[in-house]
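Structure file protein-v3.cif with mmCIF, C-alpha atoms and all ligand atoms:
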data_upload
loop_
_atom_site.label_atom_id
_atom_site.label_comp_id
_atom_site.auth_asym_id
_atom_site.auth_seq_id
_atom_site.Cartn_x
_atom_site.Cartn_y
_atom_site.Cartn_z
CA MET A 97 37.89 -25.99 -119.30
CA ASN A 98 38.28 -23.13 -116.84
CA LYS A 99 35.81 -20.28 -116.58
CA LEU A 100 36.00 -17.35 -119.01
CA ASN A 101 36.45 -13.91 -117.48
CA VAL A 102 35.01 -11.06 -119.60
CA ILE A 103 36.39 -7.73 -118.42
CA GLY A 104 34.45 -4.52 -119.07
CA LEU A 105 30.67 -4.95 -119.21
CA GLY A 106 29.74 -2.08 -121.50
CA TYR A 107 28.05 -1.96 -124.90
CA ILE A 108 30.29 -4.73 -126.28
CA GLY A 109 31.42 -6.70 -123.23
CA LEU A 110 27.99 -7.33 -121.75
CA PRO A 111 26.29 -8.75 -124.88
CA THR A 112 29.42 -10.81 -125.61
CA ALA A 113 29.53 -12.24 -122.07
CA LEU A 114 25.81 -13.06 -122.27
CA MET A 115 26.21 -14.83 -125.61
CA PHE A 116 29.01 -17.03 -124.27
CA ALA A 117 26.97 -17.81 -121.15
CA THR A 118 23.93 -18.85 -123.18
CA HIS A 119 26.04 -21.13 -125.37
CA GLY A 120 27.54 -23.47 -122.82
CA VAL A 121 30.50 -21.41 -121.60
CA GLU A 122 30.90 -20.70 -117.87
CA VAL A 123 31.31 -16.92 -117.67
CA VAL A 124 32.26 -14.41 -115.00
CA GLY A 125 31.74 -10.78 -116.04
CA THR A 126 33.96 -8.22 -114.31
CA ASP A 127 33.60 -4.44 -114.22
CA VAL A 128 35.19 -1.74 -112.03
CA ASP A 129 31.90 0.14 -111.82
CA VAL A 130 30.30 -1.00 -108.55
CA GLU A 131 26.86 0.41 -109.42
CA LEU A 132 26.87 -1.27 -112.82
CA VAL A 133 27.76 -4.63 -111.27
CA LYS A 134 25.04 -4.19 -108.61
CA THR A 135 22.47 -3.41 -111.32
CA LEU A 136 23.38 -6.56 -113.25
CA GLN A 137 23.46 -8.67 -110.09
CA SER A 138 19.95 -7.49 -109.24
CA GLY A 139 18.72 -8.74 -112.61
CA ASN A 140 18.51 -5.41 -114.44
CA LEU A 141 20.15 -4.43 -117.71
CA THR A 142 22.28 -1.30 -117.99
CA PHE A 143 21.20 -0.21 -121.49
CA GLU A 144 18.41 -0.85 -123.98
CA GLU A 145 19.06 -3.16 -126.90
CA ASP A 146 16.68 -5.27 -128.97
CA GLY A 147 16.72 -8.93 -127.94
CA LEU A 148 19.13 -8.35 -125.06
CA PRO A 149 16.60 -8.84 -122.20
CA GLU A 150 15.87 -12.38 -123.46
CA VAL A 151 19.57 -13.29 -123.69
CA PHE A 152 20.14 -11.73 -120.25
CA GLU A 153 17.42 -13.89 -118.72
CA GLN A 154 18.84 -17.06 -120.28
CA ALA A 155 22.38 -16.14 -119.20
CA GLN A 156 21.21 -15.67 -115.63
CA LYS A 157 19.57 -19.10 -115.74
CA ALA A 158 22.84 -20.50 -117.10
CA GLY A 159 24.60 -19.11 -114.02
CA ILE A 160 26.55 -16.07 -115.29
CA ILE A 161 28.27 -14.24 -112.44
CA PHE A 162 28.90 -10.47 -112.26
CA GLN A 163 31.57 -9.11 -109.92
CA THR A 164 34.11 -6.32 -109.53
CA GLU A 165 37.04 -8.69 -108.92
CA TYR A 166 39.15 -10.30 -111.63
CA LEU A 167 38.86 -14.08 -111.73
CA LYS A 168 41.81 -16.42 -111.26
CA THR A 169 41.61 -18.38 -114.51
CA ASP A 170 43.43 -18.92 -117.82
CA ARG A 171 40.92 -17.37 -120.27
CA TYR A 172 40.23 -13.64 -120.46
CA ILE A 173 38.52 -11.30 -122.89
CA ILE A 174 39.10 -7.58 -122.39
CA THR A 175 36.33 -5.31 -123.68
CA VAL A 176 37.07 -2.01 -121.97
CA PRO A 177 36.71 1.41 -123.68
CA THR A 178 39.52 2.88 -125.75
CA PRO A 179 39.09 6.65 -125.94
CA TYR A 180 41.41 8.95 -127.85
CA LEU A 181 43.38 11.91 -126.57
CA LYS A 182 41.59 15.09 -127.64
CA ASP A 183 44.71 16.98 -128.74
CA SER A 184 47.00 14.41 -130.36
CA LYS A 185 44.09 12.22 -131.57
CA LYS A 186 46.11 9.20 -130.48
CA LEU A 187 44.60 6.21 -128.77
CA ASP A 188 44.49 6.42 -125.00
CA ALA A 189 45.18 2.82 -124.01
CA LYS A 190 44.97 3.45 -120.25
CA TYR A 191 41.96 1.18 -119.61
CA VAL A 192 43.40 -1.68 -121.68
CA ILE A 193 46.73 -1.32 -119.85
CA LYS A 194 45.04 -1.32 -116.44
CA ALA A 195 42.92 -4.36 -117.31
CA THR A 196 45.93 -6.24 -118.69
CA GLU A 197 47.91 -5.54 -115.53
CA GLN A 198 45.09 -6.76 -113.34
CA VAL A 199 44.83 -9.94 -115.42
CA LEU A 200 48.59 -10.49 -115.01
CA ASP A 201 48.22 -10.09 -111.25
CA VAL A 202 45.88 -13.07 -110.95
CA CYS A 203 46.04 -15.28 -114.02
CA LEU A 204 47.06 -18.97 -114.09
CA PRO A 205 50.05 -20.22 -116.12
CA ASN A 206 49.43 -20.70 -119.86
CA THR A 207 46.76 -17.98 -120.02
CA ILE A 208 45.07 -16.81 -123.21
CA LEU A 209 44.44 -13.08 -123.07
CA VAL A 210 42.10 -11.78 -125.78
CA ILE A 211 41.84 -8.05 -126.32
CA GLU A 212 38.55 -7.23 -128.06
CA SER A 213 38.62 -3.47 -127.46
CA THR A 214 39.39 -1.48 -130.59
CA ILE A 215 43.03 -0.42 -130.48
CA ALA A 216 45.28 1.54 -132.80
CA PRO A 217 47.37 -0.70 -135.07
CA GLY A 218 50.59 -1.63 -133.27
CA THR A 219 49.24 -1.16 -129.74
CA ILE A 220 49.81 -4.77 -128.72
CA ASP A 221 53.45 -4.64 -129.89
CA LYS A 222 54.18 -1.22 -128.46
CA VAL A 223 52.19 -1.28 -125.23
CA ILE A 224 50.92 -4.71 -124.21
CA ARG A 225 53.91 -6.98 -124.94
CA PRO A 226 56.29 -4.85 -122.81
CA LEU A 227 53.87 -5.04 -119.85
CA ILE A 228 54.14 -8.81 -119.91
CA GLU A 229 57.88 -8.96 -120.52
CA GLN A 230 58.57 -6.49 -117.70
CA ARG A 231 57.16 -9.07 -115.29
CA GLY A 232 59.55 -11.72 -116.57
CA LEU A 233 56.69 -13.65 -118.16
CA VAL A 234 57.23 -15.31 -121.53
CA ILE A 235 54.81 -14.53 -124.35
CA GLY A 236 53.81 -17.73 -126.12
CA LYS A 237 54.38 -19.78 -122.98
CA ASP A 238 53.03 -18.05 -119.87
CA ILE A 239 50.72 -15.68 -121.76
CA HIS A 240 49.25 -16.01 -125.25
CA LEU A 241 48.10 -12.73 -126.73
CA VAL A 242 45.15 -12.43 -129.10
CA HIS A 243 43.33 -9.53 -130.72
CA ALA A 244 39.74 -10.36 -131.67
CA PRO A 245 37.90 -7.16 -132.67
CA GLU A 246 34.10 -7.18 -132.88
CA ARG A 247 31.83 -5.88 -135.63
CA ILE A 248 28.44 -5.56 -133.97
CA ILE A 249 26.21 -2.58 -134.53
CA PRO A 250 24.07 -1.13 -131.72
CA GLY A 251 20.41 -1.86 -132.42
CA ASN A 252 21.15 -5.27 -133.95
CA MET A 253 23.82 -6.62 -131.61
CA VAL A 254 22.44 -10.02 -130.73
CA ASN A 255 21.79 -10.92 -134.35
CA GLU A 256 25.16 -9.62 -135.52
CA LEU A 257 27.09 -11.42 -132.78
CA LYS A 258 25.66 -14.60 -134.23
CA HIS A 259 25.90 -13.89 -137.94
CA ASN A 260 28.84 -11.52 -138.56
CA SER A 261 32.20 -12.87 -139.61
CA ARG A 262 35.01 -12.26 -137.10
CA THR A 263 38.78 -11.85 -137.14
CA ILE A 264 41.19 -13.52 -134.72
CA GLY A 265 44.74 -12.18 -134.64
CA ALA A 266 47.28 -14.36 -132.80
CA ASP A 267 51.01 -15.15 -132.76
CA SER A 268 50.43 -18.83 -133.52
CA ALA A 269 47.89 -20.84 -135.52
CA ALA A 270 47.26 -23.12 -132.53
CA VAL A 271 46.20 -20.25 -130.25
CA ALA A 272 44.07 -18.71 -133.03
CA GLU A 273 42.36 -22.08 -133.43
CA GLU A 274 41.70 -22.36 -129.70
CA VAL A 275 40.12 -18.90 -129.49
CA LYS A 276 38.18 -19.57 -132.69
CA ASN A 277 36.65 -22.54 -130.84
CA TRP A 278 35.50 -20.25 -128.02
CA TYR A 279 33.76 -17.84 -130.37
CA GLU A 280 32.29 -20.65 -132.45
CA SER A 281 30.12 -21.46 -129.43
CA PHE A 282 27.77 -18.66 -130.58
CA CYS A 283 29.18 -17.26 -133.85
CA GLU A 284 27.84 -19.06 -136.88
CA ALA A 285 29.75 -17.03 -139.47
CA GLU A 286 33.27 -17.39 -140.85
CA ILE A 287 36.09 -16.72 -138.37
CA VAL A 288 39.29 -15.66 -140.10
CA ALA A 289 42.67 -16.14 -138.41
CA THR A 290 45.54 -13.72 -139.03
CA ASP A 291 48.41 -12.04 -137.19
CA ILE A 292 47.76 -9.53 -134.41
CA LYS A 293 48.76 -6.38 -136.28
CA THR A 294 46.57 -7.18 -139.30
CA ALA A 295 43.64 -7.81 -136.95
CA GLU A 296 44.24 -4.44 -135.26
CA MET A 297 44.48 -2.66 -138.58
CA SER A 298 41.43 -4.36 -140.13
CA LYS A 299 39.10 -3.06 -137.43
CA VAL A 300 40.25 0.53 -137.79
CA VAL A 301 40.21 0.29 -141.58
CA GLU A 302 36.61 -0.96 -141.68
CA ASN A 303 35.33 1.99 -139.69
CA THR A 304 37.51 4.41 -141.63
CA PHE A 305 36.09 3.08 -144.92
CA ARG A 306 32.59 3.96 -143.75
CA ASP A 307 33.67 7.35 -142.45
CA ILE A 308 35.15 8.22 -145.84
CA ASN A 309 32.07 6.99 -147.70
CA ILE A 310 29.73 9.00 -145.44
CA ALA A 311 31.96 12.08 -145.87
CA PHE A 312 31.61 11.72 -149.64
CA ALA A 313 27.80 11.61 -149.27
CA ASN A 314 27.94 14.68 -147.01
CA GLU A 315 30.05 16.57 -149.52
CA LEU A 316 27.61 15.62 -152.28
CA ALA A 317 24.73 16.89 -150.11
CA GLN A 318 26.39 20.29 -149.89
CA ILE A 319 27.10 20.40 -153.64
CA CYS A 320 23.49 19.44 -154.39
CA HIS A 321 22.14 22.03 -151.98
CA GLN A 322 24.15 24.70 -153.78
CA GLU A 323 22.89 23.46 -157.16
CA GLY A 324 19.27 23.01 -156.06
CA MET A 325 19.50 19.28 -156.75
CA ASP A 326 18.16 16.28 -154.84
CA VAL A 327 21.15 14.42 -153.33
CA TYR A 328 19.04 11.38 -152.46
CA GLU A 329 17.93 10.93 -156.06
CA LEU A 330 21.51 11.41 -157.21
CA ILE A 331 22.86 8.74 -154.82
CA HIS A 332 19.97 6.42 -155.68
CA ILE A 333 20.85 6.65 -159.38
CA ALA A 334 24.63 6.37 -158.88
CA ASN A 335 24.12 3.27 -156.71
CA LYS A 336 22.45 1.51 -159.68
CA HIS A 337 26.01 1.07 -160.95
CA PRO A 338 26.98 -2.47 -159.91
CA ARG A 339 30.24 -1.33 -158.31
CA VAL A 340 29.04 1.88 -156.63
CA ASN A 341 27.59 2.01 -153.11
CA ILE A 342 27.47 5.54 -151.70
CA LEU A 343 26.14 5.82 -148.14
CA GLN A 344 23.63 8.44 -146.97
CA PRO A 345 24.36 12.04 -145.97
CA GLY A 346 23.41 13.13 -142.47
CA PRO A 347 23.95 15.75 -139.75
CA GLY A 348 27.33 14.27 -138.79
CA VAL A 349 28.87 11.02 -137.66
CA GLY A 350 28.48 10.09 -134.01
CA GLY A 351 28.97 7.05 -131.85
CA HIS A 352 32.12 5.64 -130.43
CA CYS A 353 33.47 3.82 -133.46
CA ILE A 354 33.29 5.45 -136.88
CA SER A 355 33.89 8.95 -135.52
CA VAL A 356 36.80 7.79 -133.35
CA ASP A 357 38.81 5.04 -135.07
CA PRO A 358 40.02 7.04 -138.12
CA TRP A 359 41.74 9.42 -135.70
CA PHE A 360 44.07 6.56 -134.69
CA LEU A 361 45.41 6.54 -138.26
CA VAL A 362 45.62 10.33 -138.30
CA GLY A 363 47.46 10.33 -134.97
CA ASP A 364 49.97 7.65 -135.99
CA TYR A 365 50.54 8.51 -139.68
CA PRO A 366 50.12 12.30 -139.88
CA SER A 367 52.37 12.66 -142.92
CA ILE A 368 50.53 9.99 -144.93
CA VAL A 369 46.81 10.40 -144.24
CA ASN A 370 45.03 12.75 -146.56
CA VAL A 371 41.74 11.17 -147.52
CA VAL A 372 41.26 9.85 -143.97
CA LEU A 373 41.83 13.26 -142.39
CA GLY A 374 39.74 15.07 -145.02
CA ALA A 375 36.82 12.73 -144.37
CA ARG A 376 37.04 13.30 -140.62
CA GLU A 377 37.03 17.04 -141.17
CA VAL A 378 34.02 16.93 -143.50
CA ASN A 379 32.00 14.78 -141.10
CA ASP A 380 33.00 16.86 -138.08
CA SER A 381 31.89 20.02 -139.89
CA MET A 382 28.37 18.72 -140.54
CA PRO A 383 26.80 19.99 -137.27
CA THR A 384 27.99 23.49 -138.22
CA TYR A 385 26.52 23.06 -141.71
CA VAL A 386 23.21 22.00 -140.11
CA PHE A 387 23.39 24.97 -137.73
CA ASN A 388 23.74 27.33 -140.71
CA ARG A 389 20.94 25.59 -142.64
CA ILE A 390 18.61 25.94 -139.63
CA HIS A 391 19.22 29.68 -139.76
CA GLU A 392 18.50 29.76 -143.50
CA VAL A 393 15.18 27.99 -142.92
CA MET A 394 14.32 30.25 -139.96
CA LYS A 395 14.95 33.29 -142.15
CA LEU A 396 12.77 31.95 -144.98
CA HIS A 397 9.86 31.63 -142.52
CA ASN A 398 10.55 34.73 -140.43
CA ILE A 399 11.19 32.66 -137.33
CA THR A 400 13.28 34.72 -134.90
CA ASP A 401 12.28 33.14 -131.59
CA TYR A 402 14.54 30.16 -130.79
CA SER A 403 11.92 28.69 -128.48
CA LYS A 404 9.95 27.97 -131.67
CA VAL A 405 12.75 25.74 -132.94
CA GLY A 406 12.63 22.08 -131.88
CA ILE A 407 15.44 19.57 -132.31
CA TYR A 408 14.12 16.03 -132.72
CA GLY A 409 16.59 13.31 -131.74
CA MET A 410 19.62 13.40 -129.45
CA THR A 411 21.12 9.95 -129.92
CA TYR A 412 23.93 9.29 -132.39
CA LYS A 413 21.67 7.20 -134.58
CA GLU A 414 18.15 5.83 -134.88
CA ASN A 415 16.40 3.57 -132.37
CA VAL A 416 19.22 3.41 -129.78
CA ASP A 417 19.62 5.24 -126.46
CA ASP A 418 23.30 6.10 -126.94
CA ILE A 419 24.18 9.80 -127.20
CA ARG A 420 28.00 9.46 -127.31
CA GLU A 421 29.56 11.93 -129.77
CA SER A 422 26.11 12.53 -131.24
CA PRO A 423 25.65 15.20 -133.93
CA THR A 424 22.88 16.76 -131.82
CA LEU A 425 25.27 17.30 -128.89
CA GLN A 426 27.68 18.97 -131.32
CA LEU A 427 24.88 21.08 -132.79
CA MET A 428 23.84 22.20 -129.30
CA GLU A 429 27.41 23.35 -128.63
CA ARG A 430 26.95 25.80 -131.54
CA PHE A 431 23.64 27.09 -130.13
CA GLU A 432 25.15 27.46 -126.67
CA LYS A 433 28.20 29.27 -128.03
CA TYR A 434 25.91 32.00 -129.38
CA ASN A 435 23.66 31.98 -126.30
CA MET A 436 20.74 30.67 -128.33
CA ASN A 437 19.55 28.74 -125.34
CA ASP A 438 15.80 28.59 -125.94
CA VAL A 439 15.89 25.84 -128.55
CA LYS A 440 13.75 22.87 -127.49
CA LEU A 441 14.81 19.22 -127.67
CA TYR A 442 13.10 15.87 -127.61
CA ASP A 443 14.20 12.25 -127.99
CA PRO A 444 11.94 9.27 -127.27
CA TYR A 445 14.95 7.22 -126.06
CA ILE A 446 16.35 9.81 -123.63
CA LYS A 447 14.64 10.00 -120.29
CA GLU A 448 17.28 11.82 -118.25
CA GLN A 449 17.69 15.58 -118.57
CA HIS A 450 20.66 16.88 -120.59
CA PHE A 451 19.29 20.33 -121.52
CA ASP A 452 17.07 22.91 -119.80
CA ASN A 453 14.54 22.95 -122.62
CA GLN A 454 14.30 19.23 -123.13
CA LEU A 455 10.73 17.92 -123.42
CA TYR A 456 9.51 14.40 -122.73
CA ASP A 457 6.27 14.21 -124.66
CA VAL A 458 6.38 14.19 -128.44
CA GLU A 459 3.00 15.88 -128.98
CA THR A 460 3.79 18.73 -126.60
CA PHE A 461 7.18 19.10 -128.27
CA ILE A 462 5.76 19.37 -131.79
CA ASN A 463 2.86 21.59 -130.71
CA GLU A 464 5.13 24.08 -128.99
CA VAL A 465 7.43 24.75 -131.97
CA GLU A 466 7.13 26.09 -135.52
CA LEU A 467 10.24 24.49 -136.97
CA VAL A 468 11.08 20.82 -136.31
CA VAL A 469 14.69 19.86 -137.08
CA VAL A 470 14.93 16.09 -137.52
CA MET A 471 18.42 14.93 -136.48
CA VAL A 472 17.69 11.23 -135.96
CA SER A 473 15.34 8.96 -137.92
CA HIS A 474 13.84 7.07 -134.98
CA ASN A 475 10.91 4.89 -136.08
CA GLN A 476 8.64 7.15 -134.04
CA ILE A 477 9.06 10.18 -136.32
CA LYS A 478 8.05 8.11 -139.35
CA ASP A 479 4.80 7.11 -137.64
CA GLU A 480 1.57 8.21 -139.33
CA LYS A 481 0.20 9.79 -136.14
CA ILE A 482 3.31 11.95 -135.80
CA GLY A 483 3.01 12.74 -139.52
CA GLN A 484 -0.42 14.30 -138.77
CA LEU A 485 1.13 16.55 -136.12
CA LEU A 486 3.91 17.62 -138.49
CA LYS A 487 1.48 18.54 -141.27
CA ASP A 488 1.34 22.24 -140.44
CA LYS A 489 4.94 22.60 -139.27
CA VAL A 490 8.07 23.68 -141.06
CA VAL A 491 10.39 20.66 -141.08
CA TYR A 492 14.14 20.55 -141.71
CA ASP A 493 14.77 16.86 -142.23
CA THR A 494 18.50 16.00 -142.16
CA LYS A 495 17.75 12.27 -142.40
CA ASN A 496 15.31 12.23 -145.33
CA CYS A 497 12.75 10.30 -143.30
CA VAL A 498 9.76 12.63 -142.93
CA VAL A 499 7.02 12.74 -145.55
CA ALA A 500 4.57 15.23 -143.98
CA GLY A 501 5.06 18.89 -143.14
CA LYS A 502 3.81 22.23 -144.47
CA HIS A 503 7.30 22.88 -145.84
CA VAL A 504 9.93 20.14 -145.72
CA TYR A 505 13.57 21.08 -146.29
CA LYS A 506 16.34 18.55 -146.83
CA MET A 507 20.11 18.61 -146.22
N1 LIG A 601 25.72 7.48 -140.76
C1 LIG A 601 25.51 8.37 -141.80
N2 LIG A 601 25.23 7.88 -143.04
C2 LIG A 601 25.14 6.55 -143.29
C3 LIG A 601 25.39 5.64 -142.24
C4 LIG A 601 25.67 6.12 -140.98
O1 LIG A 601 25.56 9.60 -141.63
O2 LIG A 601 24.87 6.19 -144.45
C5 LIG A 601 26.03 7.97 -139.41
C6 LIG A 601 25.03 7.50 -138.36
O3 LIG A 601 23.90 8.33 -138.33
C7 LIG A 601 25.87 7.59 -137.10
C8 LIG A 601 27.26 7.22 -137.59
O4 LIG A 601 27.25 7.41 -138.98
O5 LIG A 601 25.90 8.88 -136.56
C9 LIG A 601 27.73 5.81 -137.29
O6 LIG A 601 26.66 4.91 -137.39
P1 LIG A 601 26.71 3.43 -137.95
O7 LIG A 601 25.36 2.88 -137.68
O8 LIG A 601 27.11 3.37 -139.37
O9 LIG A 601 27.90 2.72 -137.14
P2 LIG A 601 28.22 2.46 -135.58
O10 LIG A 601 29.21 3.46 -135.14
O11 LIG A 601 26.98 2.31 -134.77
O12 LIG A 601 28.91 1.01 -135.67
C10 LIG A 601 30.09 0.86 -136.39
C11 LIG A 601 29.97 -0.33 -137.34
N3 LIG A 601 31.11 -0.34 -138.25
C12 LIG A 601 30.95 -0.45 -139.58
O13 LIG A 601 29.87 -0.47 -140.13
C13 LIG A 601 32.22 -0.52 -140.39
C14 LIG A 601 29.94 -1.61 -136.55
O14 LIG A 601 29.95 -2.73 -137.41
C15 LIG A 601 31.16 -1.69 -135.63
O15 LIG A 601 31.10 -2.83 -134.83
C16 LIG A 601 31.17 -0.49 -134.72
O16 LIG A 601 31.19 0.69 -135.53
C17 LIG A 601 32.42 -0.56 -133.86
O17 LIG A 601 32.34 -1.03 -132.72
O18 LIG A 601 33.48 -0.21 -134.34
#
Please rewrite the model in this file as structure tokens.
Amino acid sequence: MNKLNVIGLGYIGLPTALMFATHGVEVVGTDVDVELVKTLQSGNLTFEEDGLPEVFEQAQKAGIIFQTEYLKTDRYIITVPTPYLKDSKKLDAKYVIKATEQVLDVCLPNTILVIESTIAPGTIDKVIRPLIEQRGLVIGKDIHLVHAPERIIPGNMVNELKHNSRTIGADSAAVAEEVKNWYESFCEAEIVATDIKTAEMSKVVENTFRDINIAFANELAQICHQEGMDVYELIHIANKHPRVNILQPGPGVGGHCISVDPWFLVGDYPSIVNVVLGAREVNDSMPTYVFNRIHEVMKLHNITDYSKVGIYGMTYKENVDDIRESPTLQLMERFEKYNMNDVKLYDPYIKEQHFDNQLYDVETFINEVELVVVMVSHNQIKDEKIGQLLKDKVVYDTKNCVVAGKHVYKM
């Protein structure tokens, strides 16, 4: 079998390439970013992820190659980013298009081209098939198209690559079976074959389901705050019902999946989506809600100096170093808009400077402020030692993870 070329070595592509390489597949990883490729070639990882250093070491021993060039082969997996256009909220398929074109420039006859990147339903029909046909190539003969979306969650990627079920969307059962065999090298869970459009839609629907569920929890948090009730107790009780599973409220929904994918449905079906759009709006409004709650708490404790307010956590969720679309970044936009620039920030996972008043030592951070706003429930903040430091602070805990504090306020 020819080598497998994985294109796009980001949060999804790199772990996927490493898993293939450590399970008997000859892999070449390709990325346009010269610095990124150099880093990987020199034996260093480009982001932190539990268990990844071990897999990286094994993959290197197994002979994985990193390069900026596309490989001449007949097996490709594209895992490049798929952003959305800010105004129309539609998918911006430019990276997938570019990668597909570069594959078509070099690939061997009878190539299987797998697109793993999340794409709006219908993208392969509307955008990718024409690219191939324009070149006079025949789909199903020269090129076999597949959509194989992933389901891994940052923080538990290696484990989930192994144990999560996957979907393979293809035009024919034979091609689906072939690609299923590739993934079965490392994936021990069920792999379901379907058509391409259903595979595209399933990925977006899964993330939209969670977005809607989180929006419901966030709406409940606001109702409970108004009523002086405990939203966590309420959700805990409701979830005792065997068919109810409400997620947890929080300061917003960040990351590059749940906060992005529902927009593809909004962009493509504006006259149908109602619940989907409403959920997006609720979750997007949460940083403003938190901003207002911070001011309520400041008022209750006569805090007027913003340098006495400390924001704990900048990443989009706990125990990862990824700040994409994070609620804290959105919250800081509100502070900046009103020139409230003295607010301090700290995140144990963020070493580079994003804000003037960012601190790098947790004790100094807590000691210098009166009000600690917890935006992310990193394990660190739940630590007993940190609990001691928080004991005589006012805490606004948007993640319901802090036990200590002179006064602890919730959502
Ligand atoms: N969040 C809440 N309340 C909750 C759960 C999460 O407010 O009860 C927030 C988080 O704090 C975070 C955001 O939602 O800001 C998203 O976090 P997440 O951990 O739920 O999800 P992601 O974006 O890291 O990963 C998701 C996963 N999708 C689903 O669970 C349906 C993952 O399986 C996908 O592979 C990934 O998106 C993706 O690539 O699409």
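Atom to atom, atom CA of A:Asn303 and atom C9 of ligand LIG 601 (chain A) stand 8.8 Å apart.
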Exercise answer, 6 Å around ligand LIG 601 (chain A) with only C-alpha atoms and all ligand atoms, as a PyMOL selection string: chain A and resi 246-250+302-303+306+310+343-346+348-354+412-413
Output for the residues just chosen: C-alpha atoms as an mmCIF file, in the frame of the given file:
data_model
loop_
_atom_site.group_PDB
_atom_site.id
_atom_site.type_symbol
_atom_site.label_atom_id
_atom_site.label_comp_id
_atom_site.auth_asym_id
_atom_site.auth_seq_id
_atom_site.Cartn_x
_atom_site.Cartn_y
_atom_site.Cartn_z
ATOM 1 C CA GLU A 246 34.100 -7.180 -132.880
ATOM 2 C CA ARG A 247 31.830 -5.880 -135.630
ATOM 3 C CA ILE A 248 28.440 -5.560 -133.970
ATOM 4 C CA ILE A 249 26.210 -2.580 -134.530
ATOM 5 C CA PRO A 250 24.070 -1.130 -131.720
ATOM 6 C CA GLU A 302 36.610 -0.960 -141.680
ATOM 7 C CA ASN A 303 35.330 1.990 -139.690
ATOM 8 C CA ARG A 306 32.590 3.960 -143.750
ATOM 9 C CA ILE A 310 29.730 9.000 -145.440
ATOM 10 C CA LEU A 343 26.140 5.820 -148.140
ATOM 11 C CA GLN A 344 23.630 8.440 -146.970
ATOM 12 C CA PRO A 345 24.360 12.040 -145.970
ATOM 13 C CA GLY A 346 23.410 13.130 -142.470
ATOM 14 C CA GLY A 348 27.330 14.270 -138.790
ATOM 15 C CA VAL A 349 28.870 11.020 -137.660
ATOM 16 C CA GLY A 350 28.480 10.090 -134.010
ATOM 17 C CA GLY A 351 28.970 7.050 -131.850
ATOM 18 C CA HIS A 352 32.120 5.640 -130.430
ATOM 19 C CA CYS A 353 33.470 3.820 -133.460
ATOM 20 C CA ILE A 354 33.290 5.450 -136.880
ATOM 21 C CA TYR A 412 23.930 9.290 -132.390
ATOM 22 C CA LYS A 413 21.670 7.200 -134.580
#
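The space separating atom CA of A:Lys299 from atom CA of A:Val133 comes to 28.6 Å.
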Between atom CA of A:Gly363 and atom CA of A:Thr214 - distance in Å to one decimal: 15.0 Å
Protein and nucleic acid residues near (52.6, -21.1, -115.2) (cut-off 12 Å, only C-alpha atoms) as a VMD selection string: chain A and resid 169 to 170 200 202 to 208 232 to 240
Non-local contacts of A:Val469 (10 Å; only C-alpha atoms; under 5 positions in same chain excluded) as a list of chain:residue names: A:Val386, A:Ile390, A:Val405, A:Gly406, A:Ile407, A:Tyr408, A:Gly409, A:Leu441, A:Val490, A:Val491, A:Tyr492, A:Asp493, A:Thr494, A:Lys495, A:Val504, A:Tyr505, A:Lys506
Residue among A:Gly120, A:Gly125, A:Gly483, A:Pro358 lying closest to A:Thr175, counting only C-alpha atoms: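 For A:Thr175, the nearest of the candidates is A:Gly125.
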Distance criterion (all atoms listed in the file): nearest to A:Asp221 out of A:Lys190, A:Lys293, A:Lys157, A:His337: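 Of the candidates, the smallest distance to A:Asp221 is held by A:Lys293.
Closest to A:Leu373 among A:Phe305, A:Phe282, A:Tyr402, A:Phe431 is A:Phe305, based on all atoms listed in the file.
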Within 8 Å of A:Gly104 using all atoms listed in the file, minus same-chain residues under 5 positions, as a ChimeraX atom specification: /A:109-110,125-128,174-177
Store the residues of this selection in a file with C-alpha atoms, as an mmCIF file, in the coordinates of the input.
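Result file is out10.cif:
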data_model
loop_
_atom_site.group_PDB
_atom_site.id
_atom_site.type_symbol
_atom_site.label_atom_id
_atom_site.label_comp_id
_atom_site.auth_asym_id
_atom_site.auth_seq_id
_atom_site.Cartn_x
_atom_site.Cartn_y
_atom_site.Cartn_z
ATOM 1 C CA GLY A 109 31.420 -6.700 -123.230
ATOM 2 C CA LEU A 110 27.990 -7.330 -121.750
ATOM 3 C CA GLY A 125 31.740 -10.780 -116.040
ATOM 4 C CA THR A 126 33.960 -8.220 -114.310
ATOM 5 C CA ASP A 127 33.600 -4.440 -114.220
ATOM 6 C CA VAL A 128 35.190 -1.740 -112.030
ATOM 7 C CA ILE A 174 39.100 -7.580 -122.390
ATOM 8 C CA THR A 175 36.330 -5.310 -123.680
ATOM 9 C CA VAL A 176 37.070 -2.010 -121.970
ATOM 10 C CA PRO A 177 36.710 1.410 -123.680
#
Proximity to A:Glu274 - best of A:Arg171, A:Lys487, A:Lys336, A:Arg262, all atoms listed in the file: A:Arg171
Set the distance at 9 Å and use all atoms listed in the file: which residues neighbour A:Ala375 once local chain neighbours fewer than 6 positions away are removed? I'd like the list as a CSV table (one decimal) with C-alpha atoms, in the coordinates of the input.
chain,number,residue,atom,x,y,z
A,304,THR,CA,37.5,4.4,-141.6
A,307,ASP,CA,33.7,7.4,-142.4
A,308,ILE,CA,35.2,8.2,-145.8
A,309,ASN,CA,32.1,7.0,-147.7
A,310,ILE,CA,29.7,9.0,-145.4
A,311,ALA,CA,32.0,12.1,-145.9
A,312,PHE,CA,31.6,11.7,-149.6
Residue with smallest distance to A:Asp291 - pool A:Val439, A:Ala244, A:Val372, A:Leu257, counting only C-alpha atoms: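 Nearest candidate to A:Asp291 out of A:Val439, A:Ala244, A:Val372, A:Leu257: A:Ala244.
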